[in-house]
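Structure, as structure tokens:
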Amino acid sequence: MNKSNKMFVSFGLGIVTVWDAATTIYGTRTIVGDSLIQYGISVGLGIGLSIVMLRSMLILSKPNDDFFTFSAKIAWFLALLYDLYTSFLGNFNLLQGTANDNPKIIIAIGLMLFTCYSPIYLSKLIYESSVE
């Protein structure tokens, strides 16, 4: 991929990564509640999770030589599962209600997969740029 295409793709993935963080915050808020402290927890988890997902290539590219690297990969996987779940909840709850929830579920799953993949792929592009 040439440099201008990489910048264009990175910009788009960055926007979707912000949406991933927003749906993770909203999904976490639907789990923990609506008070100010719970909202702060939701924002902290959403931003922290986005940072972890943006560091995916740095975490996953290291060999399993020591306990810290291995545990970081396990923590990354758990963060990914949490991101998938809360992104689904956030997208599902933000979609307009319909009489039949089946199309809403399918759309929320598609949005969840796309938004959760974006920071991981952006991490790959950033990692490749730093290695070059």
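A note on labels: chains of the structure tokens are A, B, ... as shown, every chain counts residues from 1, and ligands are counted from 1 in their shown order.
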
Open item on the list: Among chain A, which residues does DSSP mark as helix (DSSP H, G or I) when it is run on the backbone? Keep the chain and numbering as in the structure and answer as a PyMOL selection string.
Closed with: chain A and resi 3-32+36-54+56-60+67-94+102-131

Task: Test item: residues at most 9 Å from stretch 95-112 of chain A, only C-alpha atoms, excluding those fewer than 6 positions along its chain, as a PyMOL selection string - done: chain A and resi 20+23+83-89

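Of the listed residues A:Ser56, A:Ser123, A:Ser50, A:Asn93, the one whose atoms come nearest to A:Arg29 is A:Asn93, with distances taken using only C-alpha atoms.
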
Task: Shell around A:Ile74 at 12 Å using only C-alpha atoms, local window under 3 positions removed, as an MDAnalysis selection string - done: chainID A and resid 52 56 59:60 64 67:71 77:81

Output file for the selection above: all heavy atoms, as a compact mmCIF listing (two decimals), in the first residue's frame:
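Generated file (out.txt):
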```
# COMPACT_ATOMS: atom_id res chain seq x y z
N VAL A 52 -5.25 -0.29 24.56
CA VAL A 52 -4.77 -1.67 24.46
C VAL A 52 -4.95 -2.19 23.04
O VAL A 52 -4.04 -2.81 22.47
CB VAL A 52 -5.49 -2.59 25.47
CG1 VAL A 52 -5.21 -4.05 25.20
CG2 VAL A 52 -5.10 -2.23 26.89
N SER A 56 -2.07 -3.51 19.81
CA SER A 56 -2.21 -4.93 19.51
C SER A 56 -0.95 -5.54 18.90
O SER A 56 -0.48 -6.60 19.33
CB SER A 56 -3.39 -5.18 18.56
OG SER A 56 -4.59 -4.87 19.19
N ILE A 59 1.90 -6.01 21.28
CA ILE A 59 1.65 -7.09 22.24
C ILE A 59 1.75 -8.45 21.55
O ILE A 59 2.42 -9.36 22.05
CB ILE A 59 0.26 -6.92 22.88
CG1 ILE A 59 0.23 -5.66 23.76
CG2 ILE A 59 -0.12 -8.15 23.71
CD1 ILE A 59 -1.14 -5.24 24.23
N LEU A 60 1.13 -8.59 20.41
CA LEU A 60 1.03 -9.89 19.76
C LEU A 60 2.29 -10.29 18.99
O LEU A 60 2.49 -11.48 18.72
CB LEU A 60 -0.18 -9.92 18.83
CG LEU A 60 -1.53 -9.72 19.51
CD1 LEU A 60 -2.64 -9.66 18.48
CD2 LEU A 60 -1.79 -10.80 20.54
N ASN A 64 6.67 -15.55 23.15
CA ASN A 64 6.27 -15.87 24.53
C ASN A 64 7.47 -16.28 25.38
O ASN A 64 7.51 -17.38 25.92
CB ASN A 64 5.24 -17.00 24.54
CG ASN A 64 3.91 -16.59 23.99
OD1 ASN A 64 3.60 -15.41 23.95
ND2 ASN A 64 3.12 -17.54 23.56
N PHE A 67 6.93 -14.53 31.42
CA PHE A 67 5.59 -14.50 31.99
C PHE A 67 4.85 -13.22 31.62
O PHE A 67 3.67 -13.25 31.31
CB PHE A 67 5.66 -14.65 33.52
CG PHE A 67 4.32 -14.50 34.17
CD1 PHE A 67 3.39 -15.52 34.11
CD2 PHE A 67 3.99 -13.33 34.82
CE1 PHE A 67 2.15 -15.38 34.70
CE2 PHE A 67 2.75 -13.18 35.42
CZ PHE A 67 1.82 -14.20 35.36
N PHE A 68 5.56 -12.07 31.64
CA PHE A 68 4.90 -10.79 31.36
C PHE A 68 4.34 -10.76 29.94
O PHE A 68 3.21 -10.32 29.73
CB PHE A 68 5.86 -9.62 31.58
CG PHE A 68 5.21 -8.31 31.30
CD1 PHE A 68 4.31 -7.76 32.18
CD2 PHE A 68 5.48 -7.63 30.12
CE1 PHE A 68 3.68 -6.56 31.91
CE2 PHE A 68 4.87 -6.43 29.83
CZ PHE A 68 3.97 -5.89 30.73
N THR A 69 5.12 -11.21 28.97
CA THR A 69 4.65 -11.21 27.58
C THR A 69 3.45 -12.13 27.42
O THR A 69 2.47 -11.78 26.78
CB THR A 69 5.80 -11.65 26.64
OG1 THR A 69 6.89 -10.77 26.82
CG2 THR A 69 5.36 -11.62 25.20
N PHE A 70 3.54 -13.31 28.01
CA PHE A 70 2.43 -14.27 27.94
C PHE A 70 1.18 -13.70 28.60
O PHE A 70 0.08 -13.78 28.06
CB PHE A 70 2.84 -15.60 28.58
CG PHE A 70 1.77 -16.63 28.53
CD1 PHE A 70 1.43 -17.24 27.33
CD2 PHE A 70 1.09 -17.00 29.68
CE1 PHE A 70 0.43 -18.20 27.27
CE2 PHE A 70 0.08 -17.95 29.63
CZ PHE A 70 -0.24 -18.55 28.41
N SER A 71 1.34 -13.10 29.79
CA SER A 71 0.18 -12.54 30.49
C SER A 71 -0.39 -11.33 29.76
O SER A 71 -1.60 -11.09 29.80
CB SER A 71 0.54 -12.19 31.94
OG SER A 71 1.52 -11.17 31.97
N PHE A 77 -6.34 -10.60 24.94
CA PHE A 77 -7.47 -11.43 24.50
C PHE A 77 -8.71 -11.15 25.33
O PHE A 77 -9.82 -11.02 24.78
CB PHE A 77 -7.09 -12.91 24.56
CG PHE A 77 -8.20 -13.81 24.12
CD1 PHE A 77 -8.56 -13.90 22.78
CD2 PHE A 77 -8.90 -14.57 25.04
CE1 PHE A 77 -9.59 -14.73 22.36
CE2 PHE A 77 -9.94 -15.40 24.64
CZ PHE A 77 -10.28 -15.48 23.30
N LEU A 78 -8.57 -11.02 26.64
CA LEU A 78 -9.71 -10.69 27.50
C LEU A 78 -10.26 -9.30 27.18
O LEU A 78 -11.47 -9.08 27.18
CB LEU A 78 -9.31 -10.79 28.97
CG LEU A 78 -8.97 -12.20 29.47
CD1 LEU A 78 -8.44 -12.14 30.89
CD2 LEU A 78 -10.17 -13.12 29.37
N ALA A 79 -9.36 -8.36 26.90
CA ALA A 79 -9.78 -7.01 26.50
C ALA A 79 -10.56 -7.07 25.19
O ALA A 79 -11.56 -6.37 25.02
CB ALA A 79 -8.58 -6.09 26.38
N LEU A 80 -10.11 -7.91 24.25
CA LEU A 80 -10.83 -8.06 22.99
C LEU A 80 -12.23 -8.62 23.22
O LEU A 80 -13.20 -8.11 22.64
CB LEU A 80 -10.05 -8.98 22.03
CG LEU A 80 -10.74 -9.29 20.71
CD1 LEU A 80 -10.94 -8.03 19.88
CD2 LEU A 80 -9.95 -10.34 19.93
N LEU A 81 -12.35 -9.63 24.07
CA LEU A 81 -13.68 -10.18 24.37
C LEU A 81 -14.59 -9.12 24.99
O LEU A 81 -15.76 -9.00 24.63
CB LEU A 81 -13.56 -11.39 25.30
CG LEU A 81 -12.91 -12.64 24.71
CD1 LEU A 81 -12.80 -13.72 25.79
CD2 LEU A 81 -13.69 -13.14 23.51
```

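The gap separating atom CA of A:Tyr121 from atom CA of A:Asn2 is 16.1 Å, in Å to one decimal.
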
Task: Coordinates-based distance that separates atom CA of A:Leu58 from atom CA of A:Glu128 (Å, one decimal) - done: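 Straight-line distance from atom CA of A:Glu128 to atom CA of A:Leu58 works out to 10.5 Å.
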
Open item on the list: Which residue is closest to A:Thr115? Choose from A:Gly27, A:Val16, A:Lys6, A:Tyr39 and count only C-alpha atoms.
Closed with: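 Result for the nearest residue to A:Thr115: A:Val16.
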
TODO: Find the residue from A:Ile31, A:Lys124, A:Ser129, A:Cys116 that sits nearest to A:Ser61; use only C-alpha atoms when measuring.
DONE: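 Using only C-alpha atoms, the shortest distance to A:Ser61 belongs to A:Lys124.
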